[in-house]
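Structure below is protein_21.txt: compact mmCIF, C-alpha atoms.
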```txt
# COMPACT_ATOMS: atom_id res chain seq x y z
CA MET E 1 7.61 8.09 23.38
CA ARG E 2 10.39 8.76 20.88
CA ASN E 3 11.86 12.28 20.88
CA LEU E 4 10.70 14.43 17.95
CA GLU E 5 13.79 16.61 17.87
CA GLY E 6 15.35 14.70 14.98
CA LEU E 7 12.46 15.57 12.68
CA PRO E 8 12.13 18.75 10.60
CA ILE E 9 10.04 21.50 12.28
CA LYS E 10 7.11 20.98 9.90
CA GLU E 11 7.03 17.25 10.66
CA GLN E 12 7.18 17.93 14.39
CA GLU E 13 4.22 20.30 14.11
CA GLN E 14 2.19 17.70 12.22
CA ILE E 15 2.85 15.03 14.84
CA ARG E 16 2.05 17.36 17.74
CA ALA E 17 -1.21 18.34 16.05
CA ILE E 18 -2.15 14.65 15.78
CA LEU E 19 -1.18 13.89 19.38
CA SER E 20 -3.23 16.84 20.64
CA GLY E 21 -6.28 15.82 18.61
CA ALA E 22 -6.12 18.96 16.46
CA ALA E 23 -5.43 16.85 13.36
CA LEU E 24 -6.18 13.30 12.24
CA PRO E 25 -3.48 10.69 11.58
CA PRO E 26 -2.95 9.91 7.87
CA LEU E 27 -5.20 7.11 6.65
CA HIS E 28 -2.38 5.85 4.39
CA SER E 29 -0.32 5.11 7.49
CA ASP E 30 0.14 1.34 7.81
CA ILE E 31 -1.14 1.11 11.38
CA ILE E 32 -4.21 3.25 10.64
CA ALA E 33 -5.14 1.73 7.27
CA LYS E 34 -4.89 -1.86 8.48
CA ARG E 35 -7.41 -1.19 11.23
CA ILE E 36 -9.71 1.19 9.37
CA PHE E 37 -10.04 -1.27 6.47
CA ASN E 38 -9.68 -4.54 8.39
CA PRO E 39 -11.47 -7.23 6.30
CA ASP E 40 -12.82 -9.01 9.39
CA VAL E 41 -14.08 -5.85 11.10
CA HIS E 42 -15.02 -3.50 8.26
CA PRO E 43 -15.67 -5.59 5.10
CA ASP E 44 -18.22 -2.98 3.96
CA ARG E 45 -15.53 -0.30 3.73
CA LEU E 46 -13.19 -2.59 1.82
CA ASN E 47 -16.02 -3.64 -0.49
CA PHE E 48 -16.84 -0.05 -1.39
CA LEU E 49 -13.24 0.79 -2.20
CA MET E 50 -12.43 -2.35 -4.17
CA ARG E 51 -15.70 -2.39 -6.11
CA GLY E 52 -15.36 1.24 -7.13
CA ILE E 53 -11.67 1.08 -7.98
CA SER E 54 -11.90 -2.19 -9.93
CA LYS E 55 -15.32 -1.49 -11.47
CA ASP E 56 -16.32 -4.95 -10.31
CA ASP E 57 -19.57 -5.07 -8.32
CA THR E 58 -19.19 -8.84 -7.75
CA ILE E 59 -16.43 -8.24 -5.18
CA ASP E 60 -17.67 -9.28 -1.74
CA VAL E 61 -15.18 -9.67 1.11
CA ALA E 62 -15.51 -12.87 3.17
CA SER E 63 -12.56 -12.61 5.56
CA SER E 64 -8.95 -11.66 6.00
CA ALA E 65 -6.51 -13.85 4.06
CA GLY E 66 -4.25 -13.75 7.10
CA ASN E 67 -1.08 -13.20 5.02
CA GLU E 68 -1.21 -16.76 3.75
CA SER E 69 1.60 -17.53 1.34
CA ILE E 70 3.35 -20.30 -0.57
CA LYS E 71 7.06 -21.05 -0.48
CA GLN E 72 8.33 -22.78 -3.60
CA SER E 73 11.62 -23.76 -1.91
CA LEU E 74 13.63 -23.19 1.24
CA HIS E 75 15.24 -20.24 -0.52
CA SER E 76 11.99 -18.57 -1.62
CA LYS E 77 11.43 -15.07 -0.28
CA SER E 78 8.55 -14.36 2.06
CA MET E 79 6.07 -11.74 0.83
CA ILE E 80 3.81 -10.08 3.37
CA THR E 81 0.87 -8.09 2.07
CA ASP E 82 -0.93 -5.11 3.63
CA ILE E 83 -4.68 -5.82 3.60
CA PRO E 84 -5.22 -9.29 2.09
CA SER E 85 -8.66 -10.86 1.98
CA TRP E 86 -10.60 -13.81 0.61
CA LEU E 87 -13.70 -12.94 -1.39
CA LYS E 88 -16.88 -14.96 -1.02
CA ASP E 89 -16.43 -16.45 -4.50
CA ARG E 90 -12.97 -17.68 -3.35
CA ARG E 91 -10.98 -15.12 -5.29
CA ILE E 92 -8.11 -13.62 -3.31
CA SER E 93 -7.46 -9.88 -3.06
CA ASP E 94 -5.04 -7.43 -1.54
CA VAL E 95 -4.99 -3.67 -1.02
CA GLU E 96 -1.45 -2.32 -0.80
CA ILE E 97 -0.71 1.08 0.75
CA GLN E 98 2.43 2.81 -0.56
CA LYS E 99 3.39 5.94 1.42
CA VAL E 100 6.63 6.62 -0.44
CA LYS E 101 7.02 6.43 -4.21
CA GLN E 102 8.68 3.24 -5.42
CA ASP E 103 10.04 3.21 -8.94
CA PHE E 104 10.20 -0.61 -8.79
CA ILE E 105 6.48 -0.83 -8.00
CA PHE E 106 5.54 -2.79 -11.17
CA THR E 107 8.01 -5.61 -10.46
CA ARG E 108 6.99 -5.77 -6.82
CA VAL E 109 3.28 -6.01 -7.59
CA GLU E 110 3.81 -8.65 -10.31
CA LEU E 111 5.64 -10.79 -7.76
CA TYR E 112 2.82 -10.31 -5.25
CA ALA E 113 0.22 -11.19 -7.88
CA SER E 114 2.15 -14.30 -8.91
CA GLU E 115 2.26 -15.58 -5.36
CA MET E 116 -1.46 -14.86 -4.91
CA LEU E 117 -2.23 -16.93 -8.03
CA LEU E 118 -0.02 -19.78 -6.82
CA LEU E 119 -1.95 -19.73 -3.56
CA GLN E 120 -5.10 -20.31 -5.61
CA TYR E 121 -3.44 -23.26 -7.31
CA SER E 122 -2.72 -25.15 -4.10
CA VAL E 123 -4.32 -28.12 -2.41
CA THR E 124 -6.76 -27.22 0.36
CA GLU E 125 -7.71 -29.46 3.26
CA GLY E 126 -9.52 -32.55 2.01
CA GLN E 127 -8.20 -32.21 -1.56
CA THR E 128 -5.66 -34.33 -3.40
CA LYS E 129 -3.18 -33.05 -5.98
CA SER E 130 -5.17 -34.79 -8.69
CA ASP E 131 -8.08 -32.48 -7.86
CA LEU E 132 -6.13 -29.43 -9.04
CA ASP E 133 -7.19 -28.04 -12.40
CA TYR E 134 -5.91 -24.92 -14.14
CA THR E 135 -9.44 -24.04 -15.21
CA ALA E 136 -10.54 -23.93 -11.56
CA VAL E 137 -8.01 -21.26 -10.56
CA LYS E 138 -9.77 -18.15 -9.31
CA GLU E 139 -8.65 -14.59 -9.94
CA ALA E 140 -6.27 -12.57 -7.80
CA VAL E 141 -7.08 -8.87 -7.42
CA ILE E 142 -4.40 -6.52 -6.13
CA ILE E 143 -5.02 -2.79 -5.69
CA VAL E 144 -2.14 -0.42 -4.97
CA LEU E 145 -2.94 2.93 -3.36
CA MET E 146 0.05 5.21 -3.96
CA ALA E 147 0.31 8.32 -1.79
CA GLU E 148 3.11 9.55 -4.07
CA SER E 149 3.08 8.74 -7.78
CA PRO E 150 6.29 7.01 -8.98
CA LYS E 151 8.23 8.35 -11.97
CA ALA E 152 6.52 6.15 -14.58
CA PHE E 153 3.09 7.44 -13.56
CA LYS E 154 4.25 11.06 -13.41
CA GLU E 155 5.58 10.81 -16.94
CA TYR E 156 2.35 9.21 -18.17
CA ASP E 157 0.34 12.08 -16.66
CA LYS E 158 1.26 14.06 -19.77
CA ALA E 159 -0.72 11.62 -21.90
CA CYS E 160 -3.56 10.67 -19.55
CA ASP E 161 -5.67 12.58 -17.04
CA LYS E 162 -6.97 9.49 -15.24
CA TYR E 163 -5.56 8.43 -11.88
CA ILE E 164 -6.72 4.77 -11.77
CA HIS E 165 -4.82 2.32 -13.99
CA ARG E 166 -6.35 -1.14 -14.40
CA PHE E 167 -4.21 -3.96 -15.82
CA ILE E 168 -6.87 -6.58 -16.51
CA ARG E 169 -5.98 -7.94 -19.97
CA MET E 170 -2.82 -9.23 -21.62
CA THR E 171 -2.37 -8.00 -25.19
CA ALA E 172 0.20 -9.26 -27.71
CA ASP E 173 1.90 -7.05 -30.30
CA THR E 174 -0.38 -8.76 -32.86
CA GLY E 175 -3.46 -7.52 -31.04
CA LEU E 176 -4.43 -10.93 -29.62
CA SER E 177 -5.81 -10.37 -26.11
CA TYR E 178 -7.12 -12.36 -23.18
CA PRO E 179 -8.29 -11.52 -19.61
CA THR E 180 -5.57 -12.09 -17.03
CA LYS E 181 -6.12 -14.10 -13.86
CA ALA E 182 -4.11 -11.50 -11.94
CA LYS E 183 -5.82 -8.12 -11.95
CA MET E 184 -3.38 -5.37 -10.97
CA ILE E 185 -4.75 -1.89 -10.34
CA TYR E 186 -2.79 1.23 -9.42
CA VAL E 187 -4.32 4.38 -7.89
CA GLN E 188 -2.49 7.72 -7.83
CA LEU E 189 -3.84 9.21 -4.62
CA ASP E 190 -1.93 12.48 -5.00
CA LYS E 191 -3.33 13.05 -8.49
CA CYS E 192 -6.82 12.13 -7.30
CA LEU E 193 -6.63 14.69 -4.48
CA GLU E 194 -5.33 17.38 -6.82
CA GLN E 195 -8.32 16.90 -9.11
CA PHE E 196 -10.73 16.80 -6.17
CA THR E 197 -9.52 20.17 -4.87
CA GLN E 198 -10.02 21.52 -8.40
CA GLU E 199 -13.58 20.14 -8.37
CA ARG E 200 -13.00 17.81 -11.30
CA ASN E 201 -12.74 14.05 -11.70
CA ALA E 202 -11.17 12.45 -14.76
CA GLU E 203 -12.55 9.06 -13.68
CA ALA E 204 -16.18 10.22 -13.98
CA GLU E 205 -18.02 10.53 -17.28
CA ASP E 206 -19.31 13.98 -16.29
CA ASP E 207 -15.92 15.00 -14.81
CA LYS E 208 -17.66 15.69 -11.49
CA PRO E 209 -16.35 14.63 -8.05
CA ASP E 210 -18.07 11.54 -6.67
CA GLU E 211 -18.05 9.51 -3.46
CA LEU E 212 -15.22 7.19 -4.50
CA GLN E 213 -13.02 10.17 -5.32
CA LEU E 214 -13.83 11.64 -1.90
CA TRP E 215 -12.82 8.41 -0.14
CA LEU E 216 -9.56 8.22 -2.08
CA SER E 217 -8.85 11.91 -1.48
CA MET E 218 -9.36 11.39 2.24
CA ILE E 219 -6.87 8.53 2.19
CA ALA E 220 -4.47 10.86 0.36
CA ASP E 221 -4.86 13.69 2.90
CA VAL E 222 -7.40 13.29 5.68
CA ASN E 223 -6.71 16.83 6.94
CA ASP E 224 -7.21 18.69 3.66
CA VAL E 225 -9.74 21.47 4.30
CA LYS E 226 -11.95 20.76 1.28
CA VAL E 227 -11.84 17.01 1.89
CA SER E 228 -12.77 17.51 5.56
CA GLU E 229 -15.72 19.73 4.66
CA GLU E 230 -17.16 17.15 2.26
CA ALA E 231 -16.40 14.20 4.56
CA GLU E 232 -18.42 15.85 7.33
CA LYS E 233 -21.51 15.32 5.15
CA ASN E 234 -20.90 11.56 4.79
CA VAL E 235 -21.89 9.29 7.70
CA LYS E 236 -19.50 6.49 6.74
CA LEU E 237 -16.55 8.84 6.43
CA LEU E 238 -17.47 10.48 9.74
CA ASP E 239 -17.20 7.05 11.36
CA ILE E 240 -13.78 6.50 9.78
CA ARG E 241 -12.54 9.90 10.93
CA ALA E 242 -13.79 9.29 14.47
CA GLU E 243 -12.07 5.90 14.58
CA ALA E 244 -8.79 7.36 13.31
CA LEU E 245 -8.96 10.15 15.88
CA ALA E 246 -9.49 7.63 18.69
CA MET E 247 -6.61 5.48 17.47
CA ALA E 248 -4.25 8.45 17.54
CA GLN E 249 -4.72 8.73 21.31
CA ASP E 250 -3.22 5.27 21.84
CA LYS E 251 0.43 5.49 22.97
CA GLU E 252 1.54 2.53 20.83
CA VAL E 253 -0.07 4.03 17.74
CA GLN E 254 1.55 7.38 18.48
CA ASN E 255 4.99 5.79 18.61
CA MET E 256 4.39 4.01 15.31
CA LEU E 257 3.23 7.22 13.64
CA ILE E 258 6.39 8.98 14.82
CA GLN E 259 8.54 6.09 13.59
CA GLU E 260 6.92 6.33 10.16
CA LYS E 261 7.94 9.99 10.00
CA PHE E 262 11.56 9.06 10.73
CA ASP E 263 11.44 6.24 8.18
CA ARG E 264 10.18 8.61 5.50
CA MET E 265 12.88 11.16 6.35
CA ASP E 266 15.55 8.44 6.18
CA TRP E 267 14.28 7.31 2.76
CA VAL E 268 14.35 10.85 1.30
CA THR E 269 17.74 11.64 2.83
CA TYR E 270 19.27 8.42 1.57
CA GLY E 271 17.83 8.95 -1.91
CA ASN E 272 19.23 12.48 -2.10
CA GLU E 273 22.67 11.28 -1.04
CA GLN E 274 22.63 8.58 -3.70
CA MET E 275 21.67 11.06 -6.41
CA ARG E 276 24.40 13.46 -5.34
CA GLU E 277 26.88 10.62 -5.66
CA GLY E 278 25.57 9.82 -9.14
CA LEU E 279 23.98 6.52 -8.10
CA SER E 280 20.47 5.30 -8.81
CA GLN E 281 18.04 5.68 -5.93
CA GLY E 282 17.41 2.40 -4.15
CA LEU E 283 20.88 0.85 -4.61
CA SER E 284 22.66 -0.16 -1.47
CA GLN E 285 26.30 -0.13 -2.49
CA GLY E 286 28.71 0.21 0.39
CA LEU E 287 26.15 -0.50 3.10
CA SER E 288 27.41 -2.22 6.23
CA THR E 289 25.88 -5.68 6.61
CA GLY E 290 26.59 -5.50 10.32
CA LYS E 291 24.63 -2.27 10.63
CA ILE E 292 21.65 -3.75 8.80
CA LEU E 293 21.69 -6.90 10.91
CA GLY E 294 21.94 -4.73 14.02
CA THR E 295 18.78 -2.89 12.97
CA ILE E 296 16.99 -6.20 12.44
CA GLU E 297 18.05 -7.48 15.86
CA THR E 298 16.93 -4.28 17.60
CA MET E 299 13.54 -4.32 15.89
CA ARG E 300 13.02 -8.00 16.72
CA ASP E 301 13.77 -7.21 20.36
CA ASP E 302 11.08 -4.52 20.14
CA GLY E 303 8.58 -7.12 18.92
CA LYS E 304 8.31 -5.78 15.35
CA SER E 305 6.91 -8.01 12.61
CA ASP E 306 8.91 -9.19 9.59
CA ARG E 307 6.92 -6.78 7.41
CA GLU E 308 7.71 -3.82 9.67
CA ILE E 309 11.39 -4.77 9.73
CA ALA E 310 11.57 -5.15 5.94
CA GLU E 311 9.91 -1.77 5.40
CA ARG E 312 12.33 -0.18 7.85
CA LEU E 313 15.28 -1.60 5.89
CA MET E 314 13.79 -0.33 2.63
CA THR E 315 13.33 3.20 3.94
CA LYS E 316 16.45 3.49 6.10
CA TYR E 317 18.94 1.84 3.73
CA GLY E 318 17.24 2.22 0.36
CA LEU E 319 16.98 -1.55 -0.15
CA SER E 320 14.62 -3.11 -2.65
CA GLN E 321 11.76 -5.27 -1.35
CA GLU E 322 13.61 -8.37 -2.50
CA LYS E 323 16.90 -7.44 -0.82
CA ALA E 324 15.17 -6.40 2.41
CA ASP E 325 13.38 -9.76 2.49
CA GLU E 326 16.71 -11.54 2.03
CA TYR E 327 18.09 -9.91 5.14
CA VAL E 328 14.94 -10.47 7.18
CA ILE E 329 14.65 -14.20 6.46
CA GLY E 330 18.35 -14.63 7.20
CA SER E 331 19.71 -15.41 3.73
CA VAL E 332 23.17 -14.22 2.79
CA PRO E 333 22.98 -11.17 0.47
CA ALA E 334 24.57 -11.45 -2.93
```

Please re-express this file's structure in structure tokens.
Amino acid sequence: MRNLEGLPIKEQEQIRAILSGAALPPLHSDIIAKRIFNPDVHPDRLNFLMRGISKDDTIDVASSAGNESIKQSLHSKSMITDIPSWLKDRRISDVEIQKVKQDFIFTRVELYASEMLLLQYSVTEGQTKSDLDYTAVKEAVIIVLMAESPKAFKEYDKACDKYIHRFIRMTADTGLSYPTKAKMIYVQLDKCLEQFTQERNAEAEDDKPDELQLWLSMIADVNDVKVSEEAEKNVKLLDIRAEALAMAQDKEVQNMLIQEKFDRMDWVTYGNEQMREGLSQGLSQGLSTGKILGTIETMRDDGKSDREIAERLMTKYGLSQEKADEYVIGSVPA
């Protein structure tokens, strides 16, 4: 197991509490979320979340989408989603978990949504290209659960008390509007939890906490005292908490949880250094290509997936999703 000494004291205490079973691992951790909400194992959990967040009761998970993707050319970037699934009506969906705020989140999600739509407009087994029809393209639904609200959302908090933002229509400056095929929905988990602890809910007509808010608050902070008290009264959430507790006793999961702590620390440290130097957070000026490639090689030797490697590059070196993908797939950076 990796040594904890490099982490701040508070972070070390949190990890030790999880390893001892005194605390639960965060549900917004990649390794935890992908198992807790696995489309093939727990479609009921995913259904509840997606239906409530999207306000679409027709959502019904069929299976995992298995990170299927389309490459438009040899130079296209690979995009790997968090919890992708096919719905029974053949729409495609994805739930993204963002642990660290990303001020480029809108661009990233638009790219994801575009690829999901292109996947809908592709020939399946037994079809010919002549069978394709724009009118037959199904919707793509992408939900982003943000543990930390990015700057744009923080600024909009002054004008809006809601914490779920649904982009489901395209509207021109003339007022002409139409429903989009790509539904993009953003959830501010931190804002949701804050309201829950204050016993209010801007998403409810009566401003009262409800079950969806409790689920989202538990994803935001599974160890919050008030959240824990209410979750103990809910059978489904008790099952989730028990599963997360059991997972945290697995040595591999423990190592991944520790690595996530280091990744987060690297991201914050790098961002602070950039701001002190007067640079925008996320730029990678002056980075050593050799160092980045060395990190990729080490992680590949450890059996890490392309997604895990890309996320490591983003957090450790402050790279954008696009730039991290360039390194991972072996293209020469600009």

Please identify all polymer residues within 10 Å of segment 155-161 of chain E, counting only C-alpha atoms, omitting same-chain residues fewer than 5 positions from it, and present them as a PyMOL selection string. chain E and resi 149-150+191-192+195+201-203

Calculate how many Å separate atom CA of Lys251 of chain E from atom CA of Arg35 of chain E, rounding to one decimal. 15.6 Å

Please provide the set of residues having any atom within 12 Å of segment 206-218 of chain E, restricted to all atoms listed in the file, with same-chain residues fewer than 5 positions apart removed, written as an MDAnalysis selection string. chainID E and resid 24:28 33 45:55 97 144:147 161:164 187:201 223:238 240:241 244

Enter the distance from atom CA of Thr298 of chain E to atom CA of Gln249 of chain E, in Å, rounded to one decimal. 25.5 Å

Around the point (-10.8, -3.9, 7.9), in the coordinates given by the file, pick out the residues reaching within 12 Å, counting all atoms listed in the file, and return them as a ChimeraX atom specification. /E:31-49,61-66,82-85,94-95,240,243

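Between atom CA of Glu326 of chain E and atom CA of Arg300 of chain E there is a distance of 15.6 Å.
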
Could you produce a table of the residues of segment 79-125 of chain E lying within 10 Å of segment 57-60 of chain E, with the nearest pair of atoms per residue and their separation in Å rounded to one decimal, using all atoms listed in the file, ordered by chain and increasing residue number, as JSON lines?
```
{"residue": "E:Ser85", "atom": "CA", "partner": "E:Asp60", "partner_atom": "CA", "distance": 9.9}
{"residue": "E:Trp86", "atom": "CA", "partner": "E:Asp60", "partner_atom": "CA", "distance": 8.7}
{"residue": "E:Leu87", "atom": "CA", "partner": "E:Asp60", "partner_atom": "CA", "distance": 5.4}
{"residue": "E:Lys88", "atom": "CA", "partner": "E:Asp60", "partner_atom": "CA", "distance": 5.8}
{"residue": "E:Asp89", "atom": "CA", "partner": "E:Asp60", "partner_atom": "CA", "distance": 7.8}
{"residue": "E:Arg90", "atom": "CA", "partner": "E:Asp60", "partner_atom": "CA", "distance": 9.8}
{"residue": "E:Arg91", "atom": "CA", "partner": "E:Ile59", "partner_atom": "CA", "distance": 8.8}
{"residue": "E:Ser93", "atom": "CA", "partner": "E:Ile59", "partner_atom": "CA", "distance": 9.4}
```
